[in-house]
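Student: File structure.cif follows (mmCIF, C-alpha atoms):
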```
data_query
loop_
_atom_site.label_atom_id
_atom_site.label_comp_id
_atom_site.auth_asym_id
_atom_site.auth_seq_id
_atom_site.Cartn_x
_atom_site.Cartn_y
_atom_site.Cartn_z
CA MET A 1 2.47 126.31 107.62
CA SER A 2 1.62 128.56 104.72
CA ARG A 3 0.33 132.10 105.00
CA ASP A 4 -2.70 130.95 102.95
CA LEU A 5 -3.82 128.82 105.90
CA ALA A 6 -3.27 131.75 108.25
CA GLN A 7 -5.38 133.86 105.87
CA ARG A 8 -8.21 131.31 105.89
CA VAL A 9 -8.25 130.98 109.68
CA ALA A 10 -8.09 134.76 110.10
CA SER A 11 -10.96 135.25 107.64
CA ARG A 12 -13.00 132.63 109.46
CA PHE A 13 -12.16 134.32 112.75
CA ILE A 14 -13.48 137.66 111.45
CA GLU A 15 -16.54 136.12 109.83
CA ALA A 16 -17.37 134.19 112.99
CA SER A 17 -17.32 137.40 115.00
CA ALA A 18 -20.05 138.93 112.82
CA PRO A 19 -23.56 139.05 114.35
CA ILE A 20 -26.64 137.14 113.23
CA GLU A 21 -28.91 139.53 111.31
CA VAL A 22 -32.70 139.69 111.04
CA LYS A 23 -33.74 141.56 107.88
CA GLU A 24 -36.88 142.35 105.94
CA VAL A 25 -36.33 141.67 102.22
CA GLU A 26 -39.12 142.01 99.64
CA GLY A 27 -41.91 140.96 101.98
CA ARG A 28 -39.88 138.28 103.73
CA ILE A 29 -38.25 138.06 107.13
CA GLU A 30 -34.74 136.62 106.61
CA VAL A 31 -32.24 135.42 109.22
CA SER A 32 -28.57 134.73 108.44
CA GLY A 33 -25.18 134.81 110.14
CA PRO A 34 -21.98 132.88 110.91
CA TYR A 35 -22.39 129.11 110.86
CA ASP A 36 -21.26 128.54 114.45
CA LYS A 37 -23.67 131.09 115.89
CA MET A 38 -26.51 129.92 113.67
CA GLN A 39 -26.19 126.42 115.12
CA ASN A 40 -27.46 127.81 118.41
CA LEU A 41 -30.45 129.43 116.68
CA VAL A 42 -31.47 126.60 114.33
CA PRO A 43 -33.50 124.64 116.96
CA TYR A 44 -35.55 127.79 117.56
CA LEU A 45 -36.08 128.41 113.83
CA ARG A 46 -37.19 124.89 112.89
CA GLY A 47 -40.91 124.77 112.28
CA LYS A 48 -41.14 128.54 112.14
CA LEU A 49 -38.95 129.42 109.11
CA GLU A 50 -37.75 127.65 105.97
CA TYR A 51 -34.09 127.07 105.05
CA ARG A 52 -32.63 128.25 101.72
CA GLY A 53 -29.44 126.32 101.05
CA ARG A 54 -27.94 128.42 98.25
CA ASP A 55 -27.16 131.33 100.58
CA HIS A 56 -27.58 129.59 104.00
CA THR A 57 -30.54 131.81 104.97
CA TRP A 58 -33.71 131.06 106.97
CA TRP A 59 -36.82 132.91 105.78
CA VAL A 60 -40.58 133.25 106.18
CA PRO A 61 -43.19 135.50 104.51
CA LYS A 62 -43.68 138.56 106.71
CA ALA A 63 -47.45 138.05 106.50
CA LYS A 64 -47.06 134.90 108.61
CA MET A 65 -45.17 136.74 111.37
CA THR A 66 -46.99 138.85 113.97
CA PRO A 67 -45.15 141.82 115.56
CA LEU A 68 -44.81 139.76 118.77
CA LYS A 69 -43.23 136.83 116.91
CA ILE A 70 -40.77 139.18 115.20
CA LYS A 71 -39.93 140.78 118.56
CA ASN A 72 -39.33 137.35 120.18
CA LEU A 73 -37.17 136.27 117.21
CA GLN A 74 -35.05 139.43 117.52
CA LYS A 75 -34.74 138.88 121.27
CA LYS A 76 -33.46 135.32 120.72
CA VAL A 77 -30.97 136.55 118.11
CA ASN A 78 -29.74 139.26 120.48
CA GLU A 79 -29.12 136.67 123.20
CA ILE A 80 -26.91 134.68 120.84
CA ASN A 81 -25.17 137.82 119.59
CA GLY A 82 -24.49 138.80 123.19
CA VAL A 83 -26.25 142.16 123.07
CA SER A 84 -29.15 143.64 125.00
CA GLY A 85 -32.31 145.34 123.77
CA PRO A 86 -34.72 144.21 121.08
CA GLU A 87 -33.25 146.40 118.33
CA PRO A 88 -29.46 146.82 118.69
CA LYS A 89 -27.81 149.60 116.80
CA LYS A 90 -26.13 148.25 113.69
CA VAL A 91 -22.73 149.66 112.82
CA GLU A 92 -21.73 149.21 109.20
CA GLU A 93 -18.07 148.24 108.75
CA SER A 94 -16.22 149.45 105.69
CA ALA A 95 -14.37 147.00 103.45
CA GLU A 96 -11.08 148.67 104.43
CA ALA A 97 -11.80 148.29 108.15
CA LYS A 98 -12.74 144.64 107.73
CA GLU A 99 -9.58 143.98 105.70
CA ALA A 100 -7.50 145.65 108.42
CA ARG A 101 -9.09 143.41 111.06
CA ILE A 102 -8.39 140.34 108.93
CA GLU A 103 -4.75 141.41 108.55
CA GLU A 104 -4.37 141.84 112.32
CA ALA A 105 -5.93 138.43 112.96
CA LYS A 106 -3.73 136.86 110.29
CA LYS A 107 -0.62 138.22 112.00
CA LEU A 108 -1.82 136.73 115.27
CA PHE A 109 -2.33 133.26 113.82
CA HIS A 110 0.83 133.39 111.74
CA ARG A 111 2.81 134.29 114.87
CA ALA A 112 1.39 131.20 116.57
CA ILE A 113 2.20 128.88 113.66
CA SER A 114 5.70 130.34 113.23
CA MET A 115 6.69 129.78 116.86
CA ARG A 116 9.73 127.55 117.36
CA VAL A 117 9.92 126.76 121.05
CA PRO A 118 11.10 123.44 122.51
CA GLY A 119 8.29 121.22 123.72
CA LEU A 120 5.37 123.31 122.44
CA SER A 121 4.03 123.90 118.94
CA PHE A 122 1.00 125.29 117.14
CA GLY A 123 -0.43 123.77 113.98
CA PHE A 124 -3.49 124.03 111.75
CA ILE A 125 -6.07 121.23 111.93
CA PRO A 126 -9.29 120.66 109.98
CA VAL A 127 -11.37 122.65 109.54
CA ASN A 128 -9.60 126.02 109.77
CA ALA A 129 -8.72 125.59 113.44
CA VAL A 130 -5.47 125.88 115.42
CA GLN A 131 -4.07 123.26 117.80
CA LEU A 132 -1.45 123.70 120.55
CA THR A 133 0.56 120.54 121.31
CA GLY A 134 2.83 119.78 124.27
CA VAL A 135 2.67 119.42 128.05
CA LEU A 136 -0.06 121.99 128.70
CA THR A 137 -1.04 121.52 132.33
CA ASP A 138 0.68 124.76 133.41
CA LEU A 139 -1.13 126.67 130.65
CA ARG A 140 -4.64 125.43 131.41
CA VAL A 141 -6.00 128.69 132.83
CA SER A 142 -4.56 130.79 130.01
CA ILE A 143 -5.86 128.38 127.35
CA ASN A 144 -9.37 128.54 128.76
CA LYS A 145 -9.23 132.34 129.00
CA ALA A 146 -8.18 132.52 125.33
CA GLY A 147 -11.24 130.48 124.33
CA GLY A 148 -9.42 127.19 123.76
CA ASP A 149 -10.76 123.67 124.14
CA TYR A 150 -8.26 122.51 126.80
CA GLY A 151 -6.56 119.11 126.87
CA PRO A 152 -3.39 118.20 128.85
CA GLU A 153 -1.48 117.40 125.62
CA PHE A 154 -3.63 118.89 122.84
CA SER A 155 -5.69 122.08 123.02
CA LYS A 156 -7.82 123.26 120.10
CA PHE A 157 -8.76 126.83 119.21
CA TYR A 158 -11.76 127.40 116.97
CA PRO A 159 -11.72 130.86 115.36
CA HIS A 160 -15.23 131.82 116.39
CA LEU A 161 -14.38 131.19 120.07
CA ILE A 162 -10.92 132.79 120.26
CA LYS A 163 -10.51 135.93 122.34
CA PRO A 164 -7.73 137.91 120.61
CA VAL A 165 -6.32 139.78 123.61
CA GLU A 166 -6.15 136.64 125.77
CA PHE A 167 -4.84 134.58 122.84
CA GLU A 168 -1.94 137.01 122.40
CA LYS A 169 -1.18 136.77 126.13
CA LEU A 170 -1.14 132.99 125.75
CA LEU A 171 1.41 133.27 122.93
CA ASP A 172 3.66 135.32 125.22
CA GLU A 173 3.30 132.69 127.94
CA VAL A 174 4.11 129.88 125.48
CA GLU A 175 7.34 131.68 124.49
CA ASP A 176 8.26 132.12 128.18
CA GLN A 177 7.68 128.42 128.88
CA GLY A 178 9.75 127.53 125.81
CA ARG A 179 12.66 129.50 127.22
CA LEU A 180 12.34 127.65 130.53
CA VAL A 181 12.36 124.28 128.71
CA ALA A 182 15.44 125.28 126.69
CA LYS A 183 17.27 126.25 129.89
CA ALA A 184 16.24 122.99 131.57
CA ILE A 185 17.52 120.99 128.59
CA ALA A 186 20.88 122.80 128.71
CA ASP A 187 21.20 122.46 132.50
CA LEU A 188 20.32 118.77 132.63
CA SER A 189 22.30 117.78 129.54
CA SER A 190 25.44 119.21 131.15
CA ILE A 191 25.19 116.96 134.22
CA ILE A 192 23.63 113.77 132.84
CA PRO A 193 26.26 111.01 132.35
CA ARG A 194 26.30 109.18 129.03
CA LYS A 195 25.11 105.95 130.63
CA PHE A 196 25.24 103.61 133.56
CA PRO A 197 25.96 99.91 133.01
CA ASN A 198 22.32 98.88 133.35
CA LEU A 199 20.48 102.20 133.42
CA LYS A 200 20.09 105.20 131.18
CA ILE A 201 19.23 108.76 132.19
CA ASP A 202 18.41 111.02 129.29
CA VAL A 203 16.41 113.92 127.89
CA GLY A 204 13.98 112.59 125.28
CA THR A 205 10.95 113.72 123.32
CA ASN A 206 7.41 112.45 122.96
CA ASN A 207 4.96 114.11 120.56
CA GLY A 208 7.25 117.14 120.51
CA SER A 209 7.38 117.43 124.32
CA TYR A 210 10.72 117.21 126.13
CA LEU A 211 10.88 114.63 128.91
CA PHE A 212 13.34 113.58 131.58
CA VAL A 213 13.62 109.80 131.21
CA VAL A 214 15.09 107.01 133.35
CA SER A 215 15.11 103.61 131.63
CA GLY A 216 16.76 100.19 131.87
CA LYS A 217 16.91 97.90 134.89
CA THR A 218 15.20 100.25 137.32
CA TYR A 219 13.28 97.74 139.45
CA ASP A 220 15.84 97.64 142.29
CA PHE A 221 15.87 101.45 142.47
CA LYS A 222 12.22 102.31 141.75
CA ASP A 223 11.38 103.55 145.25
CA GLU A 224 14.43 105.80 145.43
CA ILE A 225 13.85 107.14 141.89
CA LYS A 226 10.28 108.13 142.77
CA LYS A 227 11.48 109.67 146.02
CA LEU A 228 14.22 111.82 144.42
CA VAL A 229 12.55 112.91 141.16
CA PRO A 230 8.81 113.58 140.42
CA VAL A 231 8.54 110.89 137.72
CA THR A 232 5.70 108.68 136.48
CA PHE A 233 6.11 105.07 135.37
CA ASN A 234 5.23 104.18 131.79
CA GLY A 235 4.23 100.52 131.97
CA GLN A 236 4.05 100.06 128.21
CA GLY A 237 7.55 101.37 127.57
CA SER A 238 8.99 100.33 130.96
CA PHE A 239 10.56 103.66 131.78
CA TRP A 240 10.12 106.56 134.19
CA TYR A 241 9.46 110.04 132.85
CA ALA A 242 8.56 113.61 133.80
CA PRO A 243 8.12 116.86 131.82
CA ILE A 244 11.58 118.39 131.77
CA GLN A 245 10.41 121.70 133.24
CA LYS A 246 9.15 119.82 136.32
CA VAL A 247 12.59 118.38 137.12
CA LYS A 248 15.13 120.40 139.10
CA GLU A 249 18.88 120.19 138.53
CA GLY A 250 19.51 119.41 142.20
CA GLN A 251 17.11 116.46 142.11
CA VAL A 252 18.89 114.97 139.10
CA LYS A 253 22.33 115.43 140.69
CA GLU A 254 21.09 113.64 143.82
CA LEU A 255 19.68 110.79 141.72
CA ILE A 256 22.93 110.44 139.76
CA GLY A 257 24.95 110.38 142.99
CA TYR A 258 22.68 107.68 144.42
CA LEU A 259 22.89 105.51 141.29
CA GLU A 260 26.67 105.89 141.04
CA GLY A 261 26.98 104.73 144.65
CA GLU A 262 24.74 101.73 143.96
CA GLU A 263 26.79 100.81 140.89
CA ARG A 264 30.04 100.96 142.86
CA ALA A 265 28.55 98.78 145.57
CA ARG A 266 27.30 96.30 142.97
CA ALA A 267 30.73 96.19 141.29
CA GLU A 268 32.48 95.53 144.59
CA LYS A 269 30.04 92.75 145.34
CA TRP A 270 30.73 91.12 141.95
CA LYS A 271 34.45 91.43 142.49
CA ALA A 272 34.22 89.79 145.89
CA GLU A 273 32.02 86.95 144.60
CA LYS A 274 33.60 86.29 141.21
CA ALA A 275 37.26 87.34 141.39
CA PRO A 276 39.49 84.32 140.57
CA PRO A 277 42.22 83.17 142.98
CA ALA A 278 45.35 85.36 143.02
CA GLU A 279 47.48 82.68 141.32
CA GLU A 280 45.12 82.70 138.31
CA ARG A 281 45.01 86.46 137.86
CA LYS A 282 48.20 86.70 135.76
CA ARG A 283 49.07 84.40 132.92
CA THR A 284 51.33 84.80 129.88
CA ASN A 285 49.35 85.67 126.76
CA GLN A 286 49.15 82.89 124.19
CA ARG A 287 48.16 85.12 121.29
CA GLY A 288 48.92 88.64 120.14
CA GLU A 289 46.61 91.38 121.35
CA HIS A 290 46.60 95.11 122.01
CA CYS A 291 47.74 96.22 125.46
CA HIS A 292 44.87 97.32 127.67
CA ASP A 293 46.95 100.20 129.11
CA CYS A 294 48.75 101.74 126.13
CA GLY A 295 47.05 100.20 123.08
CA GLY A 296 50.36 98.93 121.67
CA TRP A 297 50.66 95.47 120.15
CA VAL A 298 51.76 92.66 122.49
CA GLU A 299 53.29 89.63 120.77
CA PRO A 300 52.46 86.13 122.13
CA GLY A 301 54.43 85.44 125.30
CA GLU A 302 55.53 89.09 125.75
CA GLY A 303 52.64 90.14 127.97
CA TYR A 304 50.44 88.76 130.67
CA LEU A 305 46.70 88.27 131.06
CA PHE A 306 44.89 89.86 133.96
CA ASN A 307 41.33 89.66 135.19
CA TRP A 308 39.44 92.94 134.82
CA TYR A 309 35.90 93.78 135.89
CA ASP A 310 33.89 95.19 132.95
CA SER A 311 30.84 97.06 134.20
CA GLU A 312 29.04 96.85 130.83
CA PRO A 313 28.34 93.09 130.96
CA GLY A 314 28.75 93.19 134.74
CA ASP A 315 31.39 90.43 134.79
CA PHE A 316 35.15 89.75 134.76
CA VAL A 317 36.99 89.53 131.44
CA TRP A 318 40.61 88.75 130.49
CA LYS A 319 42.82 91.59 129.24
CA VAL A 320 46.46 91.81 128.11
CA LYS A 321 49.25 94.09 129.37
CA HIS A 322 52.93 94.49 128.58
CA LYS A 323 55.07 92.67 131.15
CA ASP A 324 57.45 95.62 131.35
CA PRO A 325 55.84 99.04 132.08
CA GLU A 326 58.72 100.61 130.13
CA ASP A 327 57.26 99.07 126.95
CA CYS A 328 54.00 100.93 127.60
CA ALA A 329 55.92 104.16 128.19
CA LYS A 330 57.73 103.74 124.84
CA VAL A 331 54.44 103.14 123.00
CA ARG A 332 52.88 106.23 124.55
CA ALA A 333 55.90 108.37 123.66
CA GLU A 334 55.82 107.15 120.04
CA LYS A 335 52.11 107.87 119.80
CA LYS A 336 52.63 111.37 121.13
CA ILE A 337 55.34 112.06 118.56
CA ARG A 338 53.21 110.69 115.71
CA ASN A 339 50.12 112.61 116.79
CA GLU A 340 52.05 115.86 117.18
CA ALA A 341 53.66 115.39 113.77
CA ALA A 342 50.33 114.64 112.13
CA ARG A 343 48.71 117.63 113.80
CA THR A 344 51.56 119.94 112.86
CA LYS A 345 51.68 118.69 109.27
CA GLY A 346 47.94 119.12 108.85
CA GLU A 347 48.03 122.66 110.21
CA ALA A 348 51.03 123.53 108.01
CA ARG A 349 49.25 122.30 104.88
CA LYS A 350 46.16 124.27 105.75
CA ASN A 351 48.09 127.47 106.49
CA LEU A 352 50.20 127.10 103.34
CA MET A 353 47.04 126.74 101.25
CA LEU A 354 45.47 129.82 102.86
CA MET A 355 48.67 131.80 102.24
CA CYS A 356 48.98 130.88 98.56
CA MET A 357 45.50 130.44 97.11
CA ARG A 358 44.69 134.14 96.83
CA SER A 359 43.56 136.01 93.76
CA GLU A 360 46.55 138.36 93.72
CA TYR A 361 48.94 135.39 93.30
CA TYR A 362 46.99 133.69 90.52
CA VAL A 363 48.97 133.80 87.23
CA ASP A 364 46.92 134.76 84.20
CA GLY A 365 47.22 132.83 80.94
CA THR A 366 47.52 129.13 80.18
CA GLY A 367 50.22 126.56 79.55
CA HIS A 368 52.64 127.74 82.25
CA ARG A 369 55.43 125.24 83.10
CA PRO A 370 57.12 126.28 86.35
CA SER A 371 60.72 125.10 86.59
CA GLY A 372 62.86 124.52 89.65
CA GLU A 373 62.89 122.22 92.67
CA GLU A 374 59.62 120.27 92.99
CA ILE A 375 58.43 119.52 96.51
CA TYR A 376 55.29 117.36 96.85
CA ILE A 377 52.85 118.43 99.53
CA ASP A 378 50.15 115.83 98.88
CA LYS A 379 50.58 113.17 96.24
CA ASN A 380 47.93 110.68 97.38
CA SER A 381 45.58 111.45 94.48
CA LEU A 382 48.04 112.49 91.77
CA GLY A 383 46.93 109.66 89.49
CA TYR A 384 43.31 110.80 89.67
CA GLY A 385 43.71 114.48 88.79
CA GLY A 386 44.39 115.60 92.38
CA GLY A 387 47.45 116.36 94.49
CA THR A 388 49.43 119.46 95.46
CA TRP A 389 53.07 120.44 95.02
CA VAL A 390 55.42 123.41 95.24
CA VAL A 391 58.01 124.50 92.67
CA VAL A 392 60.84 126.65 94.06
CA GLU A 393 62.33 128.75 91.25
CA PRO A 394 66.14 128.92 90.75
CA GLY A 395 67.57 131.42 93.21
CA GLY A 396 64.82 130.64 95.75
CA ASN A 397 63.22 134.06 95.65
CA TYR A 398 59.88 132.90 94.27
CA PHE A 399 57.86 129.70 94.33
CA TRP A 400 54.76 128.26 92.70
CA TYR A 401 51.97 126.62 94.66
CA VAL A 402 50.36 124.19 92.23
CA LYS A 403 47.08 122.41 92.90
CA ASN A 404 46.18 119.68 90.41
CA ASN A 405 42.69 120.27 88.99
CA GLY A 406 42.13 117.49 86.47
CA ALA A 407 39.62 115.17 88.12
CA ASP A 408 36.20 114.47 86.64
CA GLY A 409 33.80 117.12 87.85
CA ASP A 410 36.51 119.76 88.42
CA ASP A 411 36.15 123.17 86.79
CA TRP A 412 39.04 123.13 84.30
CA SER A 413 38.45 126.69 83.09
CA ARG A 414 40.88 128.17 85.68
CA ASN A 415 43.72 125.75 84.89
CA ASN A 416 46.82 127.77 83.98
CA VAL A 417 49.59 125.17 84.48
CA SER A 418 50.31 122.32 82.04
CA THR A 419 50.62 118.87 83.61
CA GLY A 420 50.27 116.44 80.73
CA GLY A 421 46.66 115.92 81.82
CA ALA A 422 43.75 118.34 82.19
CA GLY A 423 46.01 120.81 83.98
CA ALA A 424 46.40 122.48 87.35
CA ILE A 425 45.90 125.85 89.02
CA GLY A 426 49.14 127.70 89.83
CA TYR A 427 49.89 130.60 92.17
CA ARG A 428 53.28 132.40 92.17
CA LEU A 429 54.42 134.35 95.22
CA PRO A 430 57.61 135.52 96.95
CA MET A 431 59.48 133.07 99.17
CA THR A 432 59.41 134.25 102.77
CA ASP A 433 60.74 132.73 105.99
CA GLU A 434 57.18 131.77 106.96
CA ALA A 435 56.54 130.12 103.57
CA ARG A 436 59.88 128.22 103.81
CA VAL A 437 58.96 126.78 107.22
CA LEU A 438 55.42 125.85 106.15
CA ILE A 439 56.70 124.05 103.03
CA ASP A 440 59.27 122.12 105.05
CA VAL A 441 56.72 120.92 107.61
CA ALA A 442 53.90 120.29 105.09
CA LYS A 443 55.88 118.32 102.52
CA ASP A 444 54.94 114.71 101.90
CA GLY A 445 57.07 111.92 103.35
#
```
As a first step, turn the structure in this file into structure tokens.

Tutor:
Amino acid sequence: MSRDLAQRVASRFIEASAPIEVKEVEGRIEVSGPYDKMQNLVPYLRGKLEYRGRDHTWWVPKAKMTPLKIKNLQKKVNEINGVSGPEPKKVEESAEAKEARIEEAKKLFHRAISMRVPGLSFGFIPVNAVQLTGVLTDLRVSINKAGGDYGPEFSKFYPHLIKPVEFEKLLDEVEDQGRLVAKAIADLSSIIPRKFPNLKIDVGTNNGSYLFVVSGKTYDFKDEIKKLVPVTFNGQGSFWYAPIQKVKEGQVKELIGYLEGEERARAEKWKAEKAPPAEERKRTNQRGEHCHDCGGWVEPGEGYLFNWYDSEPGDFVWKVKHKDPEDCAKVRAEKKIRNEAARTKGEARKNLMLMCMRSEYYVDGTGHRPSGEEIYIDKNSLGYGGGTWVVVEPGGNYFWYVKNNGADGDDWSRNNVSTGGAGAIGYRLPMTDEARVLIDVAKDG
């Protein structure tokens, strides 16, 4: 929220703290003060004084007021102002002092609005008030002490009712609770499994509050869930939830262990009830599919089908395997070689680029045409103004690292190598053993 809003709330806070005043002005008794305090005095003033809307002042000719009536009026005003005695001493506040108080109040409200804590947030609401949102049950006492209008999920703070010292203590407490929520999120997220076949345990949010949530087919486990974790059932959304700071890591671990055991028992039961006879569990595949074990392709007739229990649908499905385990071993070995080569090539290209593309190796001027052995590093986008290659000069002591730079949208102003197109950026540097190895591994093909 903007500092302008903080300024308005702070100004209203200062204005609301001003007392109601009873003054004698040109033969009139006038009463004026902050709106919120005046609301408590208006019932007393009706029928006794008249209201002047242009400056929100109640007045009456002094001739119509006896000394006793004036004394009773001042006594009523003092009660609302919270002071004793019929004629309290008035302390004039300088403009500088008032501005300083406004600045301090503004800092207080701006701190509240700027807070970024998980599960709790402050915001401005009409008219010039502040609202705290989140799971607030643990903050109830502090909210009331700070002058807030407490609610379990929304608490409002009207400037004329806020107690600055207690409000600042509340801000400290909100930050402390935010740290606890952040720790709970980290702790629970590290132990919560991605999903169960028919259930989901997660950390979610609702109106900015972080919740521990159990959803899915929970009916069979509802009694145990309630016993292990302090959750509440949401009938509309059909899930169980609890504020994350109310849930302990040990409780969640116990719940996960229980559910995992139930899932294993359920799977064994399905297997016992639905597993096909042994003679039907292996058949030759009639169509080509990927091997379930190694991911390699199995041609028709070269593998066998087997019945496998899939926990996601909760049923048996047919999968394909190589007949010979050696075929799987070969596929895995080939994959390892390809992955290692791809990883090594990618790293070599990256390291070669970092070695070469430095300002000290950039060759000034334009129209350079390096000559020597051309080695392509990346030629996938050569036809579109991209691509990279190396030119090893005769003798092998120096080489050029050339990066094509002729695509639409490229900055052509740095192009210093002629290509027949828009040009490329070239760097010339000494050939070293490290550069020779990187070029050999990074080259295309």

Student: I need the output of the PyMOL selection byres ((chain A and resi 188) around 12) for this file as a VMD selection string; which residues are they?

Tutor: chain A and resid 181 to 187 189 to 194 201 to 204 210 to 213 244 to 253 256

Student: Quick one: residues within 10 Å of Thr432 in chain A, all atoms listed in the file counted, chain neighbours fewer than 4 positions away excluded, as a ChimeraX atom specification?

Tutor: /A:396-399,436-438

Student: Could you state which residues are captured by the PyMOL selection byres ((chain A and resi 115) around 12) in this file, as a PyMOL selection string?

Tutor: chain A and resi 1+108-114+116-123+132-133+171-176+178-179

Student: Pick the closest to Ile439 in chain A from A:Thr419, A:Asp411, A:Asn404, A:Leu352: which is it, counting all atoms listed in the file?

Tutor: A:Leu352

Student: Could you tell me how far CA of Lys443 in chain A lies from CA of Tyr384 in chain A, in Å and to one decimal?

Tutor: 19.5 Å

Student: Applied to this file, what does the PyMOL selection byres ((chain A and resi 325) around 12) return in terms of residues, put as a PyMOL selection string?

Tutor: chain A and resi 291-294+296+302-304+321-324+326-332

Student: For each of A:Asp55, A:Glu299, A:Glu289, A:Glu393, take the minimum atom-to-atom distance to Gly372 in chain A, counting only C-alpha atoms, then give the residue where this is smallest.

Tutor: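 Counting only C-alpha atoms, the residue closest to Gly372 in chain A is A:Glu393.
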
Student: May I have the residues within 10 Å of range 379-383 of chain A as a list in words, using only C-alpha atoms and disregarding those fewer than 6 positions away in the same chain?

Tutor: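 So, after excluding close chain neighbours, the residues are Trp389, Asn404, Asn405, Gly406, Ala407, Gly421, Lys443, Asp444 and Gly445 of chain A.
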
Student: Quick one: range 24-37 of chain A from the block, N, CA and C atoms, as a compact mmCIF listing (two decimals), in the first residue's frame.

Tutor:
```txt
# COMPACT_ATOMS: atom_id res chain seq x y z
N GLU A 24 -15.57 29.68 24.32
CA GLU A 24 -16.46 30.85 24.22
C GLU A 24 -15.93 31.71 23.07
N VAL A 25 -16.78 31.92 22.05
CA VAL A 25 -16.39 32.67 20.86
C VAL A 25 -17.46 33.72 20.55
N GLU A 26 -17.11 34.98 20.72
CA GLU A 26 -18.00 36.09 20.34
C GLU A 26 -19.42 35.90 20.88
N GLY A 27 -19.51 35.63 22.17
CA GLY A 27 -20.82 35.52 22.82
C GLY A 27 -21.50 34.18 22.61
N ARG A 28 -20.77 33.22 22.10
CA ARG A 28 -21.35 31.89 21.90
C ARG A 28 -20.52 30.85 22.65
N ILE A 29 -21.18 29.80 23.08
CA ILE A 29 -20.49 28.62 23.61
C ILE A 29 -20.42 27.62 22.46
N GLU A 30 -19.20 27.24 22.06
CA GLU A 30 -19.01 26.32 20.94
C GLU A 30 -18.31 25.05 21.42
N VAL A 31 -18.76 23.92 20.84
CA VAL A 31 -18.20 22.61 21.18
C VAL A 31 -17.79 21.92 19.88
N SER A 32 -16.54 21.47 19.81
CA SER A 32 -16.06 20.76 18.62
C SER A 32 -14.96 19.79 19.01
N GLY A 33 -14.72 18.80 18.14
CA GLY A 33 -13.68 17.81 18.41
C GLY A 33 -13.70 16.71 17.38
N PRO A 34 -12.88 15.66 17.57
CA PRO A 34 -12.81 14.56 16.61
C PRO A 34 -14.17 13.89 16.45
N TYR A 35 -14.46 13.48 15.23
CA TYR A 35 -15.76 12.90 14.90
C TYR A 35 -16.13 11.75 15.83
N ASP A 36 -15.18 10.81 16.03
CA ASP A 36 -15.51 9.61 16.79
C ASP A 36 -15.86 9.92 18.24
N LYS A 37 -15.15 10.90 18.83
CA LYS A 37 -15.48 11.27 20.20
C LYS A 37 -16.78 12.06 20.26
```
